[in-house]
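Below is entry36.cif, holding mmCIF, C-alpha atoms and all ligand atoms.
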data_coords
#
loop_
_atom_site.label_atom_id
_atom_site.label_comp_id
_atom_site.auth_asym_id
_atom_site.auth_seq_id
_atom_site.Cartn_x
_atom_site.Cartn_y
_atom_site.Cartn_z
CA MET A 1 -1.39 67.27 -61.62
CA LYS A 2 -0.02 65.33 -64.58
CA VAL A 3 0.01 61.58 -64.10
CA GLN A 4 3.55 60.30 -64.45
CA SER A 5 4.90 56.82 -65.02
CA GLN A 6 6.82 57.07 -61.71
CA ASN A 7 3.53 57.29 -59.83
CA PRO A 8 2.60 54.06 -58.07
CA ILE A 9 0.25 51.35 -59.24
CA GLY A 10 -2.57 51.45 -56.65
CA ILE A 11 -4.01 48.13 -55.52
CA PHE A 12 -6.77 47.46 -53.01
CA ASP A 13 -8.56 44.51 -51.49
CA SER A 14 -10.88 43.90 -48.56
CA GLY A 15 -7.83 42.45 -46.83
CA VAL A 16 -4.52 40.70 -47.27
CA GLY A 17 -5.63 38.34 -50.08
CA GLY A 18 -5.00 40.84 -52.87
CA THR A 19 -1.29 40.48 -52.14
CA SER A 20 -1.57 37.32 -54.30
CA ILE A 21 -2.26 39.75 -57.17
CA TRP A 22 0.40 42.22 -55.99
CA LYS A 23 2.94 39.37 -56.19
CA GLU A 24 2.04 38.65 -59.83
CA ILE A 25 2.29 42.37 -60.65
CA GLN A 26 5.64 42.65 -58.87
CA LEU A 27 6.95 39.60 -60.75
CA LEU A 28 5.87 40.91 -64.15
CA MET A 29 6.84 44.56 -63.57
CA PRO A 30 9.50 44.46 -60.84
CA ASN A 31 10.63 48.06 -61.23
CA GLU A 32 7.16 49.61 -60.84
CA ASN A 33 6.32 51.52 -57.65
CA THR A 34 3.27 50.05 -55.94
CA MET A 35 0.90 51.04 -53.17
CA TYR A 36 -1.41 48.44 -51.62
CA LEU A 37 -4.40 49.11 -49.41
CA SER A 38 -5.68 46.31 -47.18
CA ASP A 39 -9.11 47.19 -45.78
CA SER A 40 -8.88 44.33 -43.27
CA LYS A 41 -10.99 46.23 -40.72
CA ASN A 42 -13.96 45.76 -43.05
CA ALA A 43 -13.20 42.22 -44.28
CA PRO A 44 -14.93 40.15 -45.38
CA TYR A 45 -16.75 42.13 -48.08
CA GLY A 46 -18.43 38.93 -49.27
CA TYR A 47 -21.43 39.24 -46.92
CA LYS A 48 -21.97 42.98 -47.28
CA SER A 49 -24.68 44.57 -49.43
CA GLU A 50 -23.85 45.82 -52.91
CA GLU A 51 -24.30 49.42 -51.65
CA LYS A 52 -21.79 48.88 -48.84
CA ILE A 53 -19.26 47.22 -51.18
CA ILE A 54 -19.56 50.20 -53.54
CA GLU A 55 -19.14 52.66 -50.65
CA LEU A 56 -15.98 50.91 -49.40
CA SER A 57 -14.58 50.59 -52.93
CA ILE A 58 -15.05 54.34 -53.45
CA LYS A 59 -13.32 55.07 -50.14
CA ASN A 60 -10.36 52.85 -51.06
CA THR A 61 -10.09 54.33 -54.54
CA GLU A 62 -10.11 57.91 -53.23
CA TYR A 63 -7.39 57.06 -50.74
CA LEU A 64 -5.17 55.70 -53.51
CA LEU A 65 -5.94 58.58 -55.88
CA GLU A 66 -5.00 61.10 -53.17
CA LYS A 67 -1.61 59.38 -53.15
CA ASN A 68 -1.40 59.95 -56.92
CA CYS A 69 -1.73 56.35 -58.08
CA LYS A 70 -1.64 56.16 -61.89
CA ILE A 71 -3.93 53.14 -62.20
CA ILE A 72 -6.17 51.29 -59.75
CA VAL A 73 -6.15 47.50 -59.57
CA VAL A 74 -9.23 46.23 -57.76
CA ALA A 75 -7.56 43.08 -56.41
CA CYS A 76 -10.84 41.71 -55.09
CA ASN A 77 -13.43 39.69 -57.01
CA THR A 78 -16.19 40.86 -54.68
CA ALA A 79 -15.38 44.57 -55.16
CA THR A 80 -14.87 44.13 -58.92
CA THR A 81 -18.10 42.28 -59.56
CA ASN A 82 -20.15 44.71 -57.45
CA ALA A 83 -18.46 48.08 -57.89
CA ILE A 84 -16.09 48.42 -60.85
CA LYS A 85 -18.76 49.76 -63.19
CA ILE A 86 -19.47 52.65 -60.80
CA LEU A 87 -15.77 53.29 -60.19
CA ARG A 88 -15.10 53.53 -63.93
CA GLN A 89 -17.98 55.99 -64.34
CA LYS A 90 -16.84 58.12 -61.41
CA TYR A 91 -13.07 58.44 -61.87
CA ASN A 92 -10.92 59.32 -64.81
CA VAL A 93 -8.13 56.76 -64.26
CA PRO A 94 -7.76 53.29 -65.72
CA PHE A 95 -9.17 50.48 -63.55
CA ILE A 96 -8.23 46.82 -63.71
CA GLY A 97 -10.59 44.33 -62.11
CA ILE A 98 -10.54 40.64 -61.34
CA GLU A 99 -13.31 38.18 -62.04
CA PRO A 100 -13.45 34.41 -61.54
CA ALA A 101 -11.83 32.62 -64.50
CA ILE A 102 -14.85 30.49 -65.38
CA LYS A 103 -14.51 31.13 -69.11
CA PRO A 104 -10.89 29.82 -69.34
CA ALA A 105 -11.92 26.89 -67.12
CA SER A 106 -14.83 26.08 -69.43
CA LEU A 107 -12.39 25.89 -72.36
CA GLN A 108 -10.04 23.63 -70.44
CA THR A 109 -12.40 21.11 -68.87
CA ASN A 110 -12.66 17.59 -70.31
CA THR A 111 -15.54 16.53 -68.08
CA ASN A 112 -17.54 19.70 -68.91
CA THR A 113 -17.86 20.26 -65.17
CA ILE A 114 -16.12 23.05 -63.29
CA GLY A 115 -16.26 24.02 -59.66
CA ILE A 116 -16.05 27.55 -58.40
CA LEU A 117 -15.21 28.68 -54.91
CA ALA A 118 -15.96 32.36 -54.30
CA THR A 119 -17.67 34.73 -51.89
CA LYS A 120 -21.43 35.12 -51.65
CA GLY A 121 -21.09 38.69 -52.95
CA THR A 122 -19.28 37.51 -56.08
CA LEU A 123 -21.58 34.56 -56.84
CA ASN A 124 -24.68 36.74 -56.36
CA SER A 125 -23.44 39.61 -58.51
CA GLU A 126 -24.93 40.56 -61.85
CA LEU A 127 -21.51 40.45 -63.50
CA PHE A 128 -20.92 36.84 -62.41
CA GLU A 129 -24.45 35.87 -63.41
CA LYS A 130 -23.80 37.31 -66.87
CA ALA A 131 -20.43 35.57 -67.22
CA SER A 132 -21.85 32.17 -66.29
CA SER A 133 -24.87 32.52 -68.56
CA ASN A 134 -22.45 33.17 -71.46
CA LEU A 135 -20.80 29.76 -71.10
CA GLU A 136 -21.62 26.97 -73.55
CA ASP A 137 -24.82 25.09 -72.61
CA ASN A 138 -23.01 21.79 -72.01
CA ILE A 139 -20.88 23.24 -69.18
CA THR A 140 -22.00 22.54 -65.61
CA VAL A 141 -20.80 25.02 -63.01
CA ILE A 142 -20.83 23.93 -59.36
CA GLU A 143 -20.94 27.10 -57.26
CA GLN A 144 -19.75 27.07 -53.69
CA VAL A 145 -19.57 29.96 -51.22
CA GLY A 146 -16.30 29.78 -49.29
CA GLU A 147 -17.93 30.70 -46.00
CA GLY A 148 -15.37 31.36 -43.27
CA LEU A 149 -12.27 31.06 -45.48
CA VAL A 150 -11.46 34.78 -45.74
CA ASN A 151 -11.75 35.21 -41.97
CA LEU A 152 -9.29 32.38 -41.34
CA ILE A 153 -6.83 33.69 -43.95
CA GLU A 154 -7.00 37.19 -42.44
CA LYS A 155 -5.94 35.57 -39.16
CA GLY A 156 -3.05 33.84 -40.94
CA GLU A 157 -4.64 30.41 -40.56
CA ILE A 158 -3.96 28.88 -43.95
CA ASN A 159 -3.13 25.40 -42.77
CA SER A 160 -5.23 24.91 -39.66
CA PRO A 161 -7.49 21.88 -38.96
CA GLU A 162 -10.51 24.21 -39.31
CA MET A 163 -9.33 25.32 -42.76
CA ASN A 164 -8.85 21.68 -43.75
CA ARG A 165 -12.33 20.83 -42.48
CA LEU A 166 -14.02 23.67 -44.37
CA LEU A 167 -12.17 23.07 -47.62
CA THR A 168 -12.89 19.34 -47.50
CA LYS A 169 -16.58 20.12 -46.98
CA TYR A 170 -16.67 22.60 -49.90
CA LEU A 171 -14.56 20.63 -52.37
CA THR A 172 -15.83 17.07 -51.86
CA PRO A 173 -19.13 17.66 -53.76
CA MET A 174 -17.12 19.05 -56.69
CA ILE A 175 -14.91 15.94 -56.79
CA LYS A 176 -17.99 13.69 -56.52
CA LYS A 177 -19.66 15.46 -59.44
CA ASN A 178 -16.53 14.89 -61.53
CA ALA A 179 -15.27 18.47 -61.81
CA ASP A 180 -11.78 18.55 -63.35
CA CYS A 181 -11.18 22.30 -62.92
CA ILE A 182 -11.66 24.34 -59.78
CA VAL A 183 -11.73 28.11 -60.14
CA LEU A 184 -10.50 30.20 -57.23
CA GLY A 185 -12.87 33.17 -57.38
CA CYS A 186 -11.41 35.15 -54.49
CA THR A 187 -7.94 36.69 -54.28
CA HIS A 188 -7.43 35.28 -50.79
CA TYR A 189 -7.72 31.69 -52.01
CA PRO A 190 -4.40 31.30 -53.92
CA TYR A 191 -2.86 31.08 -50.43
CA LEU A 192 -4.83 27.84 -50.01
CA LYS A 193 -3.53 26.17 -53.19
CA ASP A 194 -1.24 23.69 -51.42
CA LEU A 195 -3.98 22.55 -49.08
CA ILE A 196 -6.55 22.40 -51.90
CA LYS A 197 -4.15 20.24 -53.95
CA LYS A 198 -3.77 17.87 -51.02
CA ILE A 199 -7.55 17.51 -50.82
CA VAL A 200 -8.43 17.25 -54.52
CA GLY A 201 -5.29 15.50 -55.82
CA ASN A 202 -3.28 16.13 -58.97
CA LYS A 203 -5.93 15.34 -61.57
CA ILE A 204 -7.94 18.48 -60.87
CA GLU A 205 -6.67 21.76 -62.29
CA ILE A 206 -6.77 24.76 -59.95
CA ILE A 207 -7.29 28.00 -61.84
CA ASP A 208 -6.91 31.58 -60.67
CA SER A 209 -6.78 34.91 -62.50
CA GLY A 210 -3.67 36.47 -60.92
CA LEU A 211 -1.29 36.32 -63.87
CA ALA A 212 -4.01 37.46 -66.30
CA VAL A 213 -4.65 40.52 -64.11
CA ALA A 214 -0.94 41.39 -64.00
CA LYS A 215 -0.67 41.06 -67.80
CA GLN A 216 -3.75 43.22 -68.30
CA THR A 217 -2.33 45.86 -65.94
CA LYS A 218 0.88 45.96 -67.98
CA HIS A 219 -1.03 46.15 -71.23
CA VAL A 220 -3.21 49.06 -70.04
CA LEU A 221 -0.24 50.98 -68.59
CA ASN A 222 1.57 50.56 -71.88
CA LYS A 223 -1.47 51.76 -73.82
CA HIS A 224 -1.65 54.91 -71.66
CA LYS A 225 2.14 55.39 -71.93
CA LEU A 226 2.39 54.99 -68.16
CA LEU A 227 4.68 51.97 -68.00
CA LEU A 228 7.86 52.79 -66.09
CA GLN A 229 10.72 52.33 -68.58
CA SER A 230 13.69 53.42 -66.51
CA ASN A 231 15.84 51.36 -64.17
CA ASN A 232 13.89 52.34 -61.10
CA THR A 233 14.52 51.08 -57.57
CA PRO A 234 10.88 50.44 -56.69
CA THR A 235 9.03 51.37 -53.53
CA TYR A 236 6.51 48.83 -52.22
CA GLN A 237 4.15 50.53 -49.78
CA PHE A 238 1.42 48.70 -47.88
CA TYR A 239 -1.27 50.27 -45.73
CA ILE A 240 -3.50 48.24 -43.44
CA ASN A 241 -6.20 49.37 -40.99
CA LYS A 242 -5.75 46.42 -38.62
CA ASN A 243 -2.91 44.48 -37.08
CA LYS A 244 -0.23 43.89 -39.72
CA SER A 245 1.04 40.46 -38.62
CA THR A 246 -0.64 38.36 -41.36
CA LEU A 247 0.32 40.91 -44.02
CA SER A 248 3.94 40.86 -42.82
CA TYR A 249 3.89 37.07 -42.94
CA PHE A 250 2.65 37.02 -46.56
CA LEU A 251 5.33 39.57 -47.52
CA LYS A 252 8.26 38.02 -45.74
CA GLN A 253 10.11 37.34 -49.02
CA TYR A 254 9.99 41.08 -49.80
CA PRO A 255 12.22 42.76 -47.22
CA ASN A 256 12.01 46.12 -48.99
CA SER A 257 8.23 46.37 -48.52
CA ILE A 258 7.12 49.08 -46.10
CA ILE A 259 4.04 48.18 -44.07
CA LYS A 260 2.12 50.81 -42.13
CA GLU A 261 -0.85 50.32 -39.83
CA LEU A 262 -3.15 53.29 -40.40
CA ASP A 263 -6.71 54.11 -39.49
CA PHE A 264 -8.49 54.67 -42.80
N1 LIG B 1 -10.27 39.02 -51.73
C1 LIG B 1 -11.69 39.21 -51.79
C2 LIG B 1 -12.23 38.65 -53.11
O1 LIG B 1 -11.45 38.45 -54.03
C3 LIG B 1 -12.28 38.69 -50.52
C4 LIG B 1 -13.70 39.04 -50.35
C5 LIG B 1 -14.17 39.24 -48.97
O2 LIG B 1 -13.62 40.10 -48.28
O3 LIG B 1 -15.15 38.59 -48.62
O4 LIG B 1 -13.40 38.43 -53.28
#
Can the structure in the file be given as structure tokens, please?
Amino acid sequence: MKVQSQNPIGIFDSGVGGTSIWKEIQLLMPNENTMYLSDSKNAPYGYKSEEKIIELSIKNTEYLLEKNCKIIVVACNTATTNAIKILRQKYNVPFIGIEPAIKPASLQTNTNTIGILATKGTLNSELFEKASSNLEDNITVIEQVGEGLVNLIEKGEINSPEMNRLLTKYLTPMIKKNADCIVLGCTHYPYLKDLIKKIVGNKIEIIDSGLAVAKQTKHVLNKHKLLLQSNNTPTYQFYINKNKSTLSYFLKQYPNSIIKELDF
């Protein structure tokens, strides 16, 4: 079947966090049809083996391709850093991935010290290792696994005392070591920005890759002549394989989104 511009942009994540990317895509290309897959049943991916992350990423991709998605956005740092190479080899559609923005942070820092909060799977990946070894020698990167954060966000706990306790524990060493940029290396974490700001104060820049991913998606669609030009009334479809309450909460400003609980 010929891929048409009306076909949806397919987006997947291990859970609800990738909606932070969906929101940037929706803002930049509001008339595009989108389809989002939240594999919450298998979240978090961050502690799974590379083989398992690849297997789940293949399953998610095939689901979206069966629904005729014209491009796949891997809205998950853990899936991108562990699986995107294989996905690109295996399927003949454009893929957009997301990686922690350590390079932009390294160009922005005045103290030459940046902190990064990400999953174990992302920080241990070859792709991340390569990206950090390509930074200038004078840049210090403080890596921190955000253990427990994804689980809390999946439960909708973005402001709980436990979240505050964990974030304070993870961010305090970065502040002490004089980091002036903190990179959010997981698509769930933009939902924690307000709380992070409260903990680290205004002098520390919080950097995520959401807008860059949306811009890159637009650029690649344009290049493949797949950008929807017409005045389309978009459909926003969301599929989740667990209870939808947190997803519904994150999407409450989008009354025209259709959320279905499915067993995939
Ligand atoms: N949103 C995923 C990411 O960007 C969360 C990973 C996980 O499920 O552990 O890495």
Ligand LIG 1 (chain B): which residues are within 7 Å, counting only C-alpha atoms and all ligand atoms, as a PDB file with C-alpha atoms, keeping the file's coordinate frame?
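Generated file (out.pdb):
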ATOM      1  CA  ASP A  13      -8.560  44.510 -51.490  1.00  0.00           C
ATOM      2  CA  SER A  14     -10.880  43.900 -48.560  1.00  0.00           C
ATOM      3  CA  GLY A  15      -7.830  42.450 -46.830  1.00  0.00           C
ATOM      4  CA  GLY A  17      -5.630  38.340 -50.080  1.00  0.00           C
ATOM      5  CA  GLY A  18      -5.000  40.840 -52.870  1.00  0.00           C
ATOM      6  CA  ALA A  43     -13.200  42.220 -44.280  1.00  0.00           C
ATOM      7  CA  PRO A  44     -14.930  40.150 -45.380  1.00  0.00           C
ATOM      8  CA  TYR A  45     -16.750  42.130 -48.080  1.00  0.00           C
ATOM      9  CA  GLY A  46     -18.430  38.930 -49.270  1.00  0.00           C
ATOM     10  CA  TYR A  47     -21.430  39.240 -46.920  1.00  0.00           C
ATOM     11  CA  ALA A  75      -7.560  43.080 -56.410  1.00  0.00           C
ATOM     12  CA  CYS A  76     -10.840  41.710 -55.090  1.00  0.00           C
ATOM     13  CA  ASN A  77     -13.430  39.690 -57.010  1.00  0.00           C
ATOM     14  CA  THR A  78     -16.190  40.860 -54.680  1.00  0.00           C
ATOM     15  CA  ALA A  79     -15.380  44.570 -55.160  1.00  0.00           C
ATOM     16  CA  ALA A 118     -15.960  32.360 -54.300  1.00  0.00           C
ATOM     17  CA  THR A 119     -17.670  34.730 -51.890  1.00  0.00           C
ATOM     18  CA  THR A 122     -19.280  37.510 -56.080  1.00  0.00           C
ATOM     19  CA  VAL A 150     -11.460  34.780 -45.740  1.00  0.00           C
ATOM     20  CA  GLY A 185     -12.870  33.170 -57.380  1.00  0.00           C
ATOM     21  CA  CYS A 186     -11.410  35.150 -54.490  1.00  0.00           C
ATOM     22  CA  THR A 187      -7.940  36.690 -54.280  1.00  0.00           C
ATOM     23  CA  HIS A 188      -7.430  35.280 -50.790  1.00  0.00           C
TER      24      HIS A 188
END
Kindly assemble as a Markdown table a list of the stretch 178-243 of chain A residues that lie within 9 Å of stretch 92-108 of chain A, each paired with its nearest atom pair and their distance in Å to one decimal, using all atoms listed in the file, sorted first by chain and then by ascending residue number.
| residue | atom | partner | partner_atom | distance |
| --- | --- | --- | --- | --- |
| A:Asp180 | CA | A:Gln108 | CA | 8.9 |
| A:Cys181 | CA | A:Ala105 | CA | 6.3 |
| A:Ile182 | CA | A:Ala105 | CA | 7.8 |
| A:Val183 | CA | A:Ala101 | CA | 6.3 |
| A:Leu184 | CA | A:Pro100 | CA | 6.7 |
| A:Gly185 | CA | A:Pro100 | CA | 4.4 |
| A:Cys186 | CA | A:Pro100 | CA | 7.4 |
| A:Thr187 | CA | A:Ile98 | CA | 8.5 |
| A:Glu205 | CA | A:Ala105 | CA | 8.8 |
| A:Ile207 | CA | A:Ala101 | CA | 7.0 |
| A:Asp208 | CA | A:Ala101 | CA | 6.3 |
| A:Ser209 | CA | A:Ala101 | CA | 5.9 |
| A:Gly210 | CA | A:Ile98 | CA | 8.0 |
| A:Ala212 | CA | A:Ile98 | CA | 8.8 |
| A:Val213 | CA | A:Ile98 | CA | 6.5 |
| A:Gln216 | CA | A:Ile96 | CA | 7.4 |
| A:Thr217 | CA | A:Ile96 | CA | 6.4 |
| A:Val220 | CA | A:Pro94 | CA | 7.6 |
| A:Leu221 | CA | A:Pro94 | CA | 8.4 |
| A:His224 | CA | A:Pro94 | CA | 8.7 |
Note to self: Need the shell around A:Leu228: protein/DNA/RNA residues with any atom at most 9 Å away, counting only C-alpha atoms. Skip same-chain ones fewer than 5 positions apart. Format as a PyMOL selection string?
What the structure shows: chain A and resi 4-7+29+31-33+221-222
Next item on the list: Name all residues at most 10 Å from A:Thr34 (count all atoms listed in the file; drop same-chain ones fewer than 2 positions away) and give them as a count of residues only.
Entry: 21
Next item on the list: Check the smallest atom-to-atom distance from each of A:Ile153, A:Thr111, A:Gly148, A:Tyr239 to A:Lys177 using all atoms listed in the file, then report the winner.
Entry: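 Smallest distance to A:Lys177 is found for A:Thr111.
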Check: From the list A:Thr140, A:Asn151, A:Asn110, A:Thr80, which residue is nearest A:Leu123 when using only C-alpha atoms?
Finding: A:Thr80
Check: Please, what distance in Å, to one decimal, runs between atom CA of A:Leu192 and atom CA of A:Asn159?
Finding: 7.8 Å
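For the atom pair formed by atom CA of A:Phe12 and atom CA of A:Leu37, the distance is 4.6 Å, given to one decimal.
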Check: atom CA of A:Met35 and atom CA of A:Leu64 are how many Å apart?
Finding: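 So the two atoms, atom CA of A:Met35 and atom CA of A:Leu64, lie 7.7 Å apart.
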Check: Do you know which residues are at most 10 Å from A:Tyr91 counting all atoms listed in the file, after dropping those on the same chain fewer than 3 positions away, and could you put them as a VMD selection string?
Finding: chain A and resid 58 61 to 62 65 86 to 88 94 to 95
Next item on the list: Tell me which of A:Thr113, A:Ile158, A:Leu262, A:Ile72 sits closest to A:Asp137, counting only C-alpha atoms.
Entry: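 Among the listed residues, the smallest separation from A:Asp137 belongs to A:Thr113.
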Item checked: Counting all atoms listed in the file, the residue of A:Asn243, A:Glu24, A:Ser132, A:Ile54 that sits nearest A:Lys90 -> A:Ile54
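Each of A:Ser49, A:Tyr189, A:Ile142, A:Asn164 was checked against A:Lys176 using all atoms listed in the file; the smallest atom-to-atom distance is that of A:Ile142.
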Write out as an mmCIF file with C-alpha atoms, in the coordinates of the input the residues lying within 9 Å of A:Tyr170, counting only C-alpha atoms and excluding same-chain residues fewer than 6 positions away.
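Output contents, as saved in part38.cif:
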data_model
loop_
_atom_site.group_PDB
_atom_site.id
_atom_site.type_symbol
_atom_site.label_atom_id
_atom_site.label_comp_id
_atom_site.auth_asym_id
_atom_site.auth_seq_id
_atom_site.Cartn_x
_atom_site.Cartn_y
_atom_site.Cartn_z
ATOM 1 C CA LEU A 117 -15.210 28.680 -54.910
ATOM 2 C CA GLN A 144 -19.750 27.070 -53.690
ATOM 3 C CA VAL A 145 -19.570 29.960 -51.220
ATOM 4 C CA GLY A 146 -16.300 29.780 -49.290
#
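Comparing the minimum interatomic distances between A:Glu261 and each of A:Lys242, A:Lys48, A:Lys85, A:Lys198, counting only C-alpha atoms, we find that A:Lys242 sits nearest.
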Six-sided padding of 5 Å per side, axis-aligned box over stretch 134-143 of chain A, centre and edges in Å, one decimal, as JSON:
{"center_x": -22.8, "center_y": 27.5, "center_z": -65.4, "size_x": 14.0, "size_y": 21.4, "size_z": 26.3}
